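Asks: File name protein02.csv; file contents CSV, C-alpha atoms; full text below.
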```csv
chain,number,residue,atom,x,y,z
A,1,MET,CA,6.4,8.6,37.2
A,2,LYS,CA,5.3,5.7,39.4
A,3,THR,CA,1.9,7.3,39.6
A,4,PHE,CA,1.4,7.2,35.9
A,5,ARG,CA,2.6,3.6,35.7
A,6,ARG,CA,-0.1,2.7,38.2
A,7,ILE,CA,-2.7,4.7,36.1
A,8,SER,CA,-1.6,2.8,32.9
A,9,ILE,CA,-1.9,-0.6,34.7
A,10,LEU,CA,-5.3,0.4,36.0
A,11,LEU,CA,-6.5,1.3,32.5
A,12,ILE,CA,-5.3,-2.0,31.1
A,13,PHE,CA,-7.3,-3.9,33.8
A,14,CYS,CA,-10.3,-1.7,33.1
A,15,CYS,CA,-10.1,-2.7,29.4
A,16,ILE,CA,-10.0,-6.4,30.4
A,17,PHE,CA,-12.4,-6.6,33.3
A,18,ALA,CA,-14.8,-3.7,32.8
A,19,PRO,CA,-18.2,-4.4,34.2
A,20,GLY,CA,-21.1,-4.6,31.9
A,21,ALA,CA,-19.0,-5.4,28.8
A,22,VAL,CA,-20.9,-7.4,26.3
A,23,PHE,CA,-19.3,-9.1,23.4
A,24,ALA,CA,-22.2,-9.5,21.0
A,25,GLU,CA,-21.6,-11.1,17.6
A,26,SER,CA,-22.2,-8.9,14.6
A,27,GLY,CA,-22.3,-9.9,11.0
A,28,PRO,CA,-20.0,-8.2,8.4
A,29,LEU,CA,-22.8,-6.3,6.8
A,30,GLU,CA,-23.9,-4.9,10.1
A,31,LEU,CA,-20.4,-3.7,10.8
A,32,LEU,CA,-19.8,-2.2,7.3
A,33,LYS,CA,-22.9,0.0,7.5
A,34,ASP,CA,-21.4,2.0,10.4
A,35,ILE,CA,-17.9,2.5,8.7
A,36,GLU,CA,-17.4,6.0,7.4
A,37,VAL,CA,-15.1,6.7,4.4
A,38,HIS,CA,-13.5,10.2,4.2
A,39,GLY,CA,-10.8,11.7,2.0
A,40,PHE,CA,-8.5,14.7,1.9
A,41,ALA,CA,-6.1,16.1,-0.7
A,42,SER,CA,-3.8,19.2,-0.7
A,43,SER,CA,-1.7,20.7,-3.4
A,44,SER,CA,0.5,23.8,-3.3
A,45,TYR,CA,3.1,26.1,-4.8
A,46,VAL,CA,5.8,27.8,-2.7
A,47,ALA,CA,8.3,30.5,-3.7
A,48,ASN,CA,11.1,32.0,-1.6
A,49,PHE,CA,12.1,35.7,-2.4
A,50,ASN,CA,15.7,34.8,-1.3
A,51,ASP,CA,15.9,32.3,-4.2
A,52,PRO,CA,18.0,29.9,-2.0
A,53,VAL,CA,20.8,28.1,-3.8
A,54,THR,CA,19.9,24.9,-2.0
A,55,GLY,CA,16.2,25.1,-3.1
A,56,VAL,CA,15.3,24.6,0.6
A,57,ASN,CA,13.2,27.0,2.8
A,58,ASN,CA,15.2,26.6,6.0
A,59,ASN,CA,13.4,26.0,9.4
A,60,ARG,CA,10.2,24.9,7.6
A,61,ILE,CA,8.3,21.7,7.9
A,62,PHE,CA,6.3,20.3,4.9
A,63,ASP,CA,6.7,23.5,2.8
A,64,LYS,CA,10.5,23.2,2.5
A,65,ASP,CA,10.8,23.3,-1.3
A,66,HIS,CA,11.4,26.6,-3.1
A,67,ASN,CA,9.8,27.3,-6.5
A,68,SER,CA,8.0,23.9,-6.5
A,69,PHE,CA,4.5,22.7,-7.4
A,70,LYS,CA,3.7,19.8,-5.1
A,71,PHE,CA,1.0,17.3,-4.4
A,72,ASP,CA,1.4,17.6,-0.6
A,73,VAL,CA,-0.8,14.8,0.6
A,74,GLY,CA,-3.8,12.6,-0.3
A,75,GLU,CA,-5.5,10.9,2.6
A,76,LEU,CA,-8.0,8.1,2.9
A,77,VAL,CA,-9.7,7.6,6.2
A,78,LEU,CA,-11.7,4.6,7.4
A,79,LEU,CA,-13.6,5.3,10.6
A,80,LYS,CA,-16.0,3.6,12.9
A,81,GLU,CA,-16.8,5.9,15.8
A,82,VAL,CA,-17.7,4.9,19.3
A,83,PRO,CA,-20.2,7.5,20.6
A,84,ASN,CA,-22.1,5.1,22.9
A,85,LYS,CA,-21.0,3.0,25.9
A,86,GLY,CA,-20.0,-0.5,24.8
A,87,ASP,CA,-19.2,0.6,21.2
A,88,VAL,CA,-16.1,-0.7,19.5
A,89,GLY,CA,-14.5,0.8,16.5
A,90,PHE,CA,-11.3,1.9,14.8
A,91,ARG,CA,-9.6,4.6,12.6
A,92,THR,CA,-7.0,4.4,9.9
A,93,ASP,CA,-5.5,7.4,8.1
A,94,ILE,CA,-3.5,6.3,5.1
A,95,THR,CA,-1.6,9.1,3.4
A,96,PHE,CA,0.3,9.4,0.1
A,97,GLY,CA,2.2,12.4,-1.2
A,98,PHE,CA,5.4,14.5,-1.4
A,99,SER,CA,5.3,16.6,1.7
A,100,LEU,CA,3.4,15.4,4.8
A,101,PRO,CA,4.1,11.6,4.6
A,102,GLU,CA,7.8,12.3,3.9
A,103,GLY,CA,8.2,14.7,6.8
A,104,ALA,CA,6.0,13.1,9.4
A,105,LYS,CA,6.5,9.4,9.4
A,106,ALA,CA,8.9,7.6,11.8
A,107,ALA,CA,11.3,6.3,9.1
A,108,PRO,CA,11.2,8.8,6.2
A,109,GLY,CA,13.1,8.7,3.0
A,110,PRO,CA,16.9,9.3,2.6
A,111,ASN,CA,17.2,12.4,0.3
A,112,VAL,CA,17.4,15.5,2.5
A,113,THR,CA,18.4,15.1,6.2
A,114,VAL,CA,18.4,17.8,8.9
A,115,THR,CA,20.7,16.9,11.8
A,116,THR,CA,21.7,18.0,15.3
A,117,PRO,CA,25.3,19.1,16.0
A,118,THR,CA,26.3,15.5,16.9
A,119,GLY,CA,24.6,13.9,13.9
A,120,GLY,CA,21.2,13.0,15.3
A,121,THR,CA,18.3,13.4,12.8
A,122,ILE,CA,15.7,16.1,13.4
A,123,GLY,CA,13.9,15.4,10.2
A,124,THR,CA,14.5,13.7,6.8
A,125,PHE,CA,12.6,14.7,3.7
A,126,ASP,CA,12.5,12.8,0.5
A,127,VAL,CA,11.3,15.3,-2.1
A,128,ALA,CA,12.1,13.2,-5.1
A,129,ASP,CA,10.0,10.1,-4.4
A,130,ASP,CA,6.4,9.6,-3.6
A,131,ASP,CA,5.7,7.8,-0.4
A,132,PHE,CA,3.0,6.3,1.9
A,133,ASP,CA,2.5,6.6,5.6
A,134,LEU,CA,0.0,5.3,8.1
A,135,GLN,CA,-0.6,8.7,9.8
A,136,GLN,CA,-3.0,7.2,12.3
A,137,GLY,CA,-4.2,3.7,13.0
A,138,TYR,CA,-5.9,2.6,16.2
A,139,VAL,CA,-8.6,0.5,17.7
A,140,SER,CA,-11.3,2.1,20.0
A,141,TRP,CA,-13.5,0.9,22.7
A,142,ASN,CA,-16.0,2.9,24.7
A,143,ILE,CA,-15.8,1.1,28.0
A,144,PRO,CA,-19.2,1.1,29.9
A,145,LEU,CA,-17.9,2.8,33.0
A,146,ALA,CA,-20.1,5.7,34.3
A,147,ASN,CA,-20.2,8.3,31.4
A,148,GLY,CA,-18.0,6.0,29.2
A,149,LEU,CA,-14.2,5.7,29.1
A,150,VAL,CA,-13.0,5.9,25.5
A,151,VAL,CA,-9.7,3.9,25.0
A,152,ASP,CA,-7.6,4.1,21.8
A,153,PHE,CA,-4.9,1.6,21.2
A,154,GLY,CA,-2.4,2.1,18.4
A,155,LYS,CA,-0.8,5.1,16.6
A,156,PHE,CA,-2.5,8.6,16.9
A,157,THR,CA,-1.6,12.2,16.4
A,158,THR,CA,-0.3,14.0,19.5
A,159,HIS,CA,-2.5,16.0,21.9
A,160,VAL,CA,0.3,18.6,22.3
A,161,GLY,CA,-0.1,21.9,20.5
A,162,LEU,CA,-2.8,23.5,18.4
A,163,GLU,CA,-1.6,22.8,14.8
A,164,VAL,CA,-2.2,19.4,13.1
A,165,PHE,CA,-1.2,17.4,10.0
A,166,MET,CA,-4.6,18.4,8.4
A,167,GLY,CA,-7.3,16.1,7.2
A,168,TYR,CA,-10.9,16.0,6.3
A,169,ASP,CA,-12.0,16.8,9.9
A,170,ASP,CA,-9.3,19.3,10.9
A,171,GLN,CA,-7.5,22.0,8.9
A,172,ASN,CA,-5.0,24.6,10.1
A,173,TRP,CA,-5.9,28.2,9.6
A,174,ASN,CA,-2.6,28.9,7.9
A,175,PHE,CA,-1.0,26.9,5.1
A,176,SER,CA,2.6,26.8,6.5
A,177,ARG,CA,3.3,25.3,9.9
A,178,SER,CA,4.7,27.3,12.8
A,179,PHE,CA,8.3,27.0,14.1
A,180,LEU,CA,6.7,25.8,17.4
A,181,TYR,CA,5.0,22.9,15.6
A,182,GLY,CA,7.8,21.9,13.3
A,183,LEU,CA,10.7,22.3,15.6
A,184,GLY,CA,9.3,22.1,19.1
A,185,GLN,CA,6.5,19.7,19.4
A,186,PRO,CA,5.8,15.9,18.8
A,187,PHE,CA,3.8,14.8,15.8
A,188,THR,CA,2.5,11.3,16.8
A,189,HIS,CA,2.6,8.7,19.5
A,190,SER,CA,2.2,4.9,19.4
A,191,GLY,CA,0.6,3.5,22.5
A,192,MET,CA,-2.7,3.7,24.4
A,193,ARG,CA,-4.8,6.7,25.5
A,194,ALA,CA,-8.0,6.9,27.6
A,195,ALA,CA,-10.4,9.9,27.6
A,196,TYR,CA,-13.2,10.5,30.1
A,197,SER,CA,-15.7,13.4,30.1
A,198,PHE,CA,-16.9,14.3,33.6
A,199,SER,CA,-19.4,16.9,32.0
A,200,GLU,CA,-19.8,19.0,28.9
A,201,GLN,CA,-17.4,21.5,30.4
A,202,PHE,CA,-14.6,19.2,31.7
A,203,SER,CA,-12.7,16.2,30.4
A,204,VAL,CA,-9.4,14.5,30.9
A,205,MET,CA,-7.1,12.2,28.8
A,206,ALA,CA,-4.2,10.1,29.9
A,207,MET,CA,-1.6,8.4,27.6
A,208,ILE,CA,1.2,5.9,27.7
A,209,ALA,CA,3.3,5.6,24.5
A,210,ASP,CA,6.6,4.9,22.8
A,211,ALA,CA,8.4,8.2,23.0
A,212,TRP,CA,7.9,11.0,20.3
A,213,ASP,CA,7.3,10.2,16.7
A,214,ARG,CA,8.3,6.5,16.9
A,215,THR,CA,6.3,3.4,16.0
A,216,THR,CA,8.7,1.2,18.1
A,217,ASP,CA,10.5,2.2,21.3
A,218,ASP,CA,14.2,2.7,21.5
A,219,ASN,CA,14.7,2.1,25.2
A,220,ASP,CA,13.0,0.6,28.2
A,221,GLY,CA,11.2,3.7,29.3
A,222,LYS,CA,7.8,5.0,28.1
A,223,THR,CA,6.4,8.5,27.5
A,224,PHE,CA,3.3,9.5,29.4
A,225,GLY,CA,0.9,12.3,28.6
A,226,VAL,CA,-2.1,14.1,30.1
A,227,GLN,CA,-4.6,16.6,28.7
A,228,LEU,CA,-7.0,18.6,30.8
A,229,ALA,CA,-9.8,20.4,28.9
A,230,TRP,CA,-12.1,22.9,30.5
A,231,ALA,CA,-14.8,25.0,28.7
A,232,PRO,CA,-15.9,27.6,31.3
A,233,LEU,CA,-18.0,29.5,28.7
A,234,SER,CA,-19.7,28.4,25.5
A,235,ASN,CA,-17.2,30.4,23.5
A,236,VAL,CA,-14.1,29.8,25.5
A,237,SER,CA,-12.0,26.6,26.0
A,238,LEU,CA,-8.8,26.0,27.9
A,239,LEU,CA,-6.4,23.1,27.4
A,240,PHE,CA,-3.4,22.0,29.4
A,241,ASN,CA,-1.2,19.3,27.7
A,242,TRP,CA,1.9,17.5,29.0
A,243,ALA,CA,4.0,14.7,27.6
A,244,GLY,CA,7.2,13.4,29.2
A,245,GLY,CA,9.5,10.4,29.7
A,246,PRO,CA,13.0,9.1,29.0
A,247,GLU,CA,14.2,9.8,25.5
A,248,ILE,CA,17.4,8.5,24.0
A,249,GLN,CA,19.4,11.6,22.8
A,250,ALA,CA,21.6,11.6,19.7
A,251,SER,CA,24.3,13.3,21.7
A,252,ASP,CA,24.2,10.7,24.5
A,253,PRO,CA,22.7,7.4,23.3
A,254,VAL,CA,24.1,5.4,26.2
A,255,ASN,CA,22.1,7.2,28.9
A,256,GLU,CA,18.5,6.1,28.6
A,257,ASP,CA,17.2,7.8,31.8
A,258,ASP,CA,17.3,11.4,30.8
A,259,SER,CA,13.8,12.8,30.5
A,260,ARG,CA,12.2,15.1,27.9
A,261,ASN,CA,9.1,17.0,29.1
A,262,ILE,CA,6.9,19.4,27.2
A,263,TYR,CA,4.2,21.6,28.8
A,264,ASP,CA,1.6,23.2,26.6
A,265,TRP,CA,-1.2,25.7,27.3
A,266,ILE,CA,-3.9,26.7,24.8
A,267,ILE,CA,-6.7,29.3,24.9
A,268,ASP,CA,-9.4,29.1,22.3
A,269,TRP,CA,-11.8,32.1,22.3
A,270,GLY,CA,-14.7,32.8,19.9
A,271,VAL,CA,-14.6,36.5,20.2
A,272,THR,CA,-17.7,37.1,18.0
A,273,ASP,CA,-19.6,35.0,15.4
A,274,LYS,CA,-17.0,36.2,12.8
A,275,MET,CA,-13.8,36.5,14.8
A,276,SER,CA,-11.9,33.7,16.6
A,277,PHE,CA,-8.6,33.9,18.6
A,278,ILE,CA,-6.3,31.1,19.7
A,279,TYR,CA,-3.1,31.3,21.8
A,280,ASP,CA,-0.6,28.5,22.3
A,281,ILE,CA,2.5,28.5,24.5
A,282,SER,CA,4.9,25.5,24.9
A,283,TYR,CA,7.9,25.0,27.2
A,284,ALA,CA,10.1,21.9,26.9
A,285,VAL,CA,13.2,20.7,28.7
A,286,GLU,CA,15.5,17.7,28.0
A,287,ASP,CA,17.8,16.6,30.9
A,288,ASN,CA,21.6,16.6,30.5
A,289,ASN,CA,21.8,17.1,26.8
A,290,SER,CA,25.5,17.2,26.0
A,291,ALA,CA,24.9,18.9,22.7
A,292,THR,CA,23.9,22.2,24.4
A,293,THR,CA,26.2,25.2,24.8
A,294,THR,CA,26.6,24.4,28.4
A,295,GLY,CA,26.3,20.6,28.3
A,296,GLU,CA,23.4,20.8,30.7
A,297,ASP,CA,19.6,20.8,30.2
A,298,ALA,CA,18.3,21.7,26.7
A,299,VAL,CA,15.4,24.1,26.8
A,300,TRP,CA,13.2,25.3,24.0
A,301,TRP,CA,10.0,27.3,24.2
A,302,GLY,CA,7.7,29.4,22.1
A,303,PHE,CA,4.2,30.9,21.6
A,304,GLU,CA,1.9,31.6,18.7
A,305,SER,CA,-1.2,33.7,18.4
A,306,LEU,CA,-3.8,33.2,15.6
A,307,ILE,CA,-6.7,35.4,14.6
A,308,ARG,CA,-9.4,34.5,12.1
A,309,TYR,CA,-12.0,36.8,10.7
A,310,GLU,CA,-14.7,35.5,8.5
A,311,PHE,CA,-15.9,38.4,6.3
A,312,THR,CA,-18.5,36.2,4.5
A,313,ASP,CA,-19.4,32.6,4.2
A,314,TRP,CA,-16.9,32.2,1.4
A,315,PHE,CA,-14.0,34.6,2.4
A,316,ALA,CA,-11.9,34.7,5.6
A,317,VAL,CA,-8.5,36.0,6.6
A,318,ASN,CA,-6.1,34.2,9.0
A,319,LEU,CA,-3.3,35.9,10.8
A,320,ARG,CA,-0.5,34.3,12.8
A,321,GLY,CA,2.4,35.7,14.8
A,322,GLU,CA,4.9,33.6,16.7
A,323,TYR,CA,8.2,33.5,18.6
A,324,PHE,CA,10.4,30.4,19.1
A,325,GLU,CA,13.6,30.2,21.1
A,326,ASP,CA,16.0,27.2,21.1
A,327,LEU,CA,18.1,28.0,24.2
A,328,GLY,CA,20.2,24.9,24.1
A,329,GLY,CA,20.8,25.0,20.4
A,330,VAL,CA,19.5,21.4,19.8
A,331,ARG,CA,16.3,21.8,17.8
A,332,THR,CA,17.0,24.2,14.9
A,333,PRO,CA,18.6,22.8,11.7
A,334,ILE,CA,21.4,25.3,11.4
A,335,GLN,CA,23.2,23.9,14.4
A,336,GLY,CA,24.7,21.0,12.5
A,337,SER,CA,26.4,23.3,10.0
A,338,LEU,CA,28.1,25.4,12.7
A,339,GLY,CA,29.9,22.5,14.4
A,340,SER,CA,28.8,23.8,17.8
A,341,ALA,CA,25.4,24.5,19.2
A,342,ILE,CA,24.3,28.1,19.8
A,343,SER,CA,21.0,29.5,20.9
A,344,GLU,CA,18.7,30.7,18.1
A,345,LYS,CA,15.7,32.9,18.3
A,346,LEU,CA,13.1,32.8,15.5
A,347,TRP,CA,10.0,34.8,14.9
A,348,GLU,CA,7.5,34.9,12.0
A,349,PHE,CA,4.3,36.6,10.7
A,350,SER,CA,1.9,35.0,8.3
A,351,ILE,CA,-1.2,36.3,6.5
A,352,THR,CA,-3.5,33.7,4.8
A,353,PRO,CA,-6.5,34.8,2.8
A,354,GLU,CA,-9.0,31.9,2.4
A,355,PHE,CA,-11.6,31.4,-0.3
A,356,ARG,CA,-14.2,28.7,0.1
A,357,VAL,CA,-15.3,27.6,-3.4
A,358,ASN,CA,-17.9,25.2,-2.1
A,359,ARG,CA,-18.4,23.0,0.9
A,360,ASN,CA,-15.6,20.6,-0.3
A,361,LEU,CA,-12.9,23.0,-1.9
A,362,ILE,CA,-10.8,25.7,-0.2
A,363,ILE,CA,-8.2,27.8,-2.0
A,364,ARG,CA,-5.7,29.8,0.1
A,365,ALA,CA,-2.9,32.2,-0.6
A,366,GLU,CA,-0.2,33.0,2.0
A,367,TYR,CA,2.6,35.5,2.6
A,368,ARG,CA,5.1,34.7,5.4
A,369,HIS,CA,8.1,36.6,6.8
A,370,ASP,CA,10.7,34.7,8.9
A,371,GLU,CA,13.5,36.2,10.9
A,372,SER,CA,16.3,35.0,13.1
A,373,ASN,CA,19.0,36.4,15.4
A,374,ILE,CA,21.6,34.6,13.3
A,375,ASN,CA,22.1,33.9,9.6
A,376,SER,CA,19.8,30.9,9.5
A,377,PHE,CA,18.4,31.2,5.9
A,378,GLY,CA,19.9,30.7,2.4
A,379,ASP,CA,20.0,33.0,-0.6
A,380,GLY,CA,21.2,32.8,-4.2
A,381,ASP,CA,24.9,32.8,-3.1
A,382,ALA,CA,25.1,30.4,-0.2
A,383,ASP,CA,23.2,28.6,2.5
A,384,PHE,CA,22.9,30.2,5.9
A,385,ASN,CA,23.7,33.6,4.4
A,386,GLU,CA,20.6,35.6,5.5
A,387,ASP,CA,18.9,36.4,8.8
A,388,SER,CA,15.4,36.5,7.2
A,389,GLN,CA,13.3,35.0,4.4
A,390,ASP,CA,10.0,35.8,2.8
A,391,THR,CA,7.8,33.3,1.0
A,392,VAL,CA,4.5,33.2,-0.8
A,393,ALA,CA,2.3,30.2,-1.4
A,394,VAL,CA,-0.9,29.0,-3.0
A,395,ASN,CA,-2.7,26.0,-1.6
A,396,ALA,CA,-5.8,24.1,-2.8
A,397,MET,CA,-7.6,21.6,-0.4
A,398,PHE,CA,-10.4,19.2,-1.2
A,399,TYR,CA,-12.1,17.0,1.5
A,400,PHE,CA,-15.2,15.0,2.1
```
With the file now loaded, output its structure as structure tokens.

Replies:
Amino acid sequence: MKTFRRISILLIFCCIFAPGAVFAESGPLELLKDIEVHGFASSSYVANFNDPVTGVNNNRIFDKDHNSFKFDVGELVLLKEVPNKGDVGFRTDITFGFSLPEGAKAAPGPNVTVTTPTGGTIGTFDVADDDFDLQQGYVSWNIPLANGLVVDFGKFTTHVGLEVFMGYDDQNWNFSRSFLYGLGQPFTHSGMRAAYSFSEQFSVMAMIADAWDRTTDDNDGKTFGVQLAWAPLSNVSLLFNWAGGPEIQASDPVNEDDSRNIYDWIIDWGVTDKMSFIYDISYAVEDNNSATTTGEDAVWWGFESLIRYEFTDWFAVNLRGEYFEDLGGVRTPIQGSLGSAISEKLWEFSITPEFRVNRNLIIRAEYRHDESNINSFGDGDADFNEDSQDTVAVNAMFYF
């Protein structure tokens, strides 16, 4: 930990005293001509064959509402990139909608709350009200050191995992999010990150931030992160991601020194011009979590495999299979209803046909099967009455 503190202090000094930094004045018109404006919108319909009495698709993130048409998210992005040494810029992603902003922001609405066994909040989802969120907002500087050290300062999406919120520049292959993404990985960080490319094949990123999914810190500690990216072949890339630091636990808010660490490995392989394969595995541990079945460390881990095959320029099929295990019983929503934490094992399979109407509009359908080792899903009689659920969805996305 001391090593990462030294690295973060060094990065701050580099930002202030970097050699060759030139602060040339630019007029407002000159700056405006380089600012890009982008947009993204997504709408969907989801139905659960179990017809849950609560109207909630358990263990899901963003697509939680059964038998509902929803405007998931509208996004406006203002962006000034920093491709050259000495460039300064920024990015803001402003979102509005009934799914992503409600489930992802640091202080979401009050309507539907998912809790841990001791009352800590895993996620809160306000399905009745619209809402805004600043999904990302940061200032960038390409410091003129060797190949250029790109520093971002503000709020940004996490580097951990392969799935994303979605936006104009990055869409997931499947409509629904995996258990691994929704229950096991962070969404955003607020802090500072610095990225450096040693070559076209190898780059590194280091981060210091305020915990997971928080815009202000709740203790004196900081979360650190690293990403190592290596592309040994033109069609293969390997990523190692880590994020860790002291996190206040809902089950033990007095002890601020217990660390939460997540380790993540990703393989991205372009098998052919038409077929792509991605594999992601994550392992996380939280020290001395008193809400676990043993009162010791909480551990959760999982993996997902994705295959995409593009039959034509306008039609593709995306397949996903995954497994997620909550060994300490602290990450899955059912734990709060049981009164005591138990380990849960989840797996799912999704198939998502994708139709590209034109360069800006994509329409997708999805069938998904979820299964658990315990009764984790609802039906028409009661919540937590079934060990599986099947859903279908239709999704339309527009972006520019």

Asks: Can you work out the spacing between CA of Leu76 in chain A and CA of Ser99 in chain A in Å, to one decimal?

Replies: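 Taking CA of Leu76 in chain A and CA of Ser99 in chain A, their separation equals 15.8 Å.
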
Asks: Could you jot down the CA of Tyr367 in chain A to CA of Tyr283 in chain A separation for me, Å, one decimal place?

Replies: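 Distance between the two atoms: 27.3 Å.
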
Asks: Could you check the closest approach to Tyr309 in chain A for each of A:Glu366, A:Glu354, A:Glu371, A:Asp72 and tell me which residue wins, using all atoms listed in the file?

Replies: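 With all atoms listed in the file as the atom set, the closest residue is A:Glu354.
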
Asks: Using all atoms listed in the file, which protein or nucleic acid residues come within 8 Å of range 138-141 of chain A? Drop anything in the same chain fewer than 4 positions from it, and give the result as a PyMOL selection string.

Replies: chain A and resi 81-82+86-92+150-156

Asks: Scan for residues within 7 Å of the point (17.6, 28.6, 2.9) in the coordinates of the file, using all atoms listed in the file, and reply as a ChimeraX atom specification.

Replies: /A:52,54,56-58,377-379,383-384

Asks: Please report the interatomic distance between CA of Ala393 in chain A and CA of Ser350 in chain A in Å with one decimal.

Replies: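 Answer for the CA of Ala393 in chain A to CA of Ser350 in chain A separation: 10.8 Å.
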
Asks: Nearest to Asn67 in chain A: which of A:Ser237, A:Gln171, A:Asn219, A:Thr391 is it, counting all atoms listed in the file?

Replies: A:Thr391

Asks: What's around Trp230 in chain A at 12 Å? Count only C-alpha atoms, leave out sequence neighbours fewer than 6 positions away in its own chain, and write the answer as a list in words.

Replies: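 After dropping sequence-adjacent residues, the list is Ser197, Phe198, Ser199, Glu200, Gln201, Phe202, Ser203, Val204, Met205, Val236, Ser237, Leu238, Leu239, Phe240, Asn241, Trp265, Ile266, Ile267 and Asp268 of chain A.
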
Asks: Counting only C-alpha atoms, figure out which residue out of A:Lys85, A:His159, A:Arg320, A:His189 gets nearest to Ile143 in chain A.

Replies: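 Once distances to Ile143 in chain A are computed over only C-alpha atoms, the minimum belongs to A:Lys85.
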
Asks: Between A:Leu183, A:Ile35, A:Ala206, A:Val164, single out the one closest to Leu228 in chain A, counting all atoms listed in the file.

Replies: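 Closest to Leu228 in chain A of all the choices is A:Ala206.
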
Asks: Pick out the residues sitting within 12 Å of Asp217 in chain A, and hand them over as an mmCIF file with C-alpha atoms, in the coordinates of the input; count only C-alpha atoms, and ignore anything fewer than 4 positions along from it in its own chain.

Replies:
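To be explicit, this is the file written out as part_9.cif:
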```
data_model
loop_
_atom_site.group_PDB
_atom_site.id
_atom_site.type_symbol
_atom_site.label_atom_id
_atom_site.label_comp_id
_atom_site.auth_asym_id
_atom_site.auth_seq_id
_atom_site.Cartn_x
_atom_site.Cartn_y
_atom_site.Cartn_z
ATOM 1 C CA ALA A 106 8.900 7.600 11.800
ATOM 2 C CA HIS A 189 2.600 8.700 19.500
ATOM 3 C CA SER A 190 2.200 4.900 19.400
ATOM 4 C CA GLY A 191 0.600 3.500 22.500
ATOM 5 C CA ILE A 208 1.200 5.900 27.700
ATOM 6 C CA ALA A 209 3.300 5.600 24.500
ATOM 7 C CA ASP A 210 6.600 4.900 22.800
ATOM 8 C CA ALA A 211 8.400 8.200 23.000
ATOM 9 C CA TRP A 212 7.900 11.000 20.300
ATOM 10 C CA ASP A 213 7.300 10.200 16.700
ATOM 11 C CA GLY A 221 11.200 3.700 29.300
ATOM 12 C CA LYS A 222 7.800 5.000 28.100
ATOM 13 C CA THR A 223 6.400 8.500 27.500
ATOM 14 C CA GLY A 245 9.500 10.400 29.700
ATOM 15 C CA PRO A 246 13.000 9.100 29.000
ATOM 16 C CA GLU A 247 14.200 9.800 25.500
ATOM 17 C CA ILE A 248 17.400 8.500 24.000
ATOM 18 C CA GLU A 256 18.500 6.100 28.600
#
```

Asks: Excluding Pro353 in chain A and its own-chain neighbours fewer than 4 positions away, which residues fall within 7 Å of it when counting all atoms listed in the file? Please give them as a list in words.

Replies: Ala316, Val317, Asn318, Arg364, Ala365 and Glu366 of chain A

Asks: Considering only C-alpha atoms, can you say which of A:Phe165, A:Phe355, A:Tyr196, A:Tyr181 comes closest to Glu304 in chain A?

Replies: A:Tyr181

Asks: Calculated over all atoms listed in the file, which of the candidates A:Phe98, A:Tyr263, A:Phe277, A:Phe315 has the smallest distance to Lys64 in chain A?

Replies: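 Among A:Phe98, A:Tyr263, A:Phe277, A:Phe315, it is A:Phe98 that comes nearest to Lys64 in chain A.
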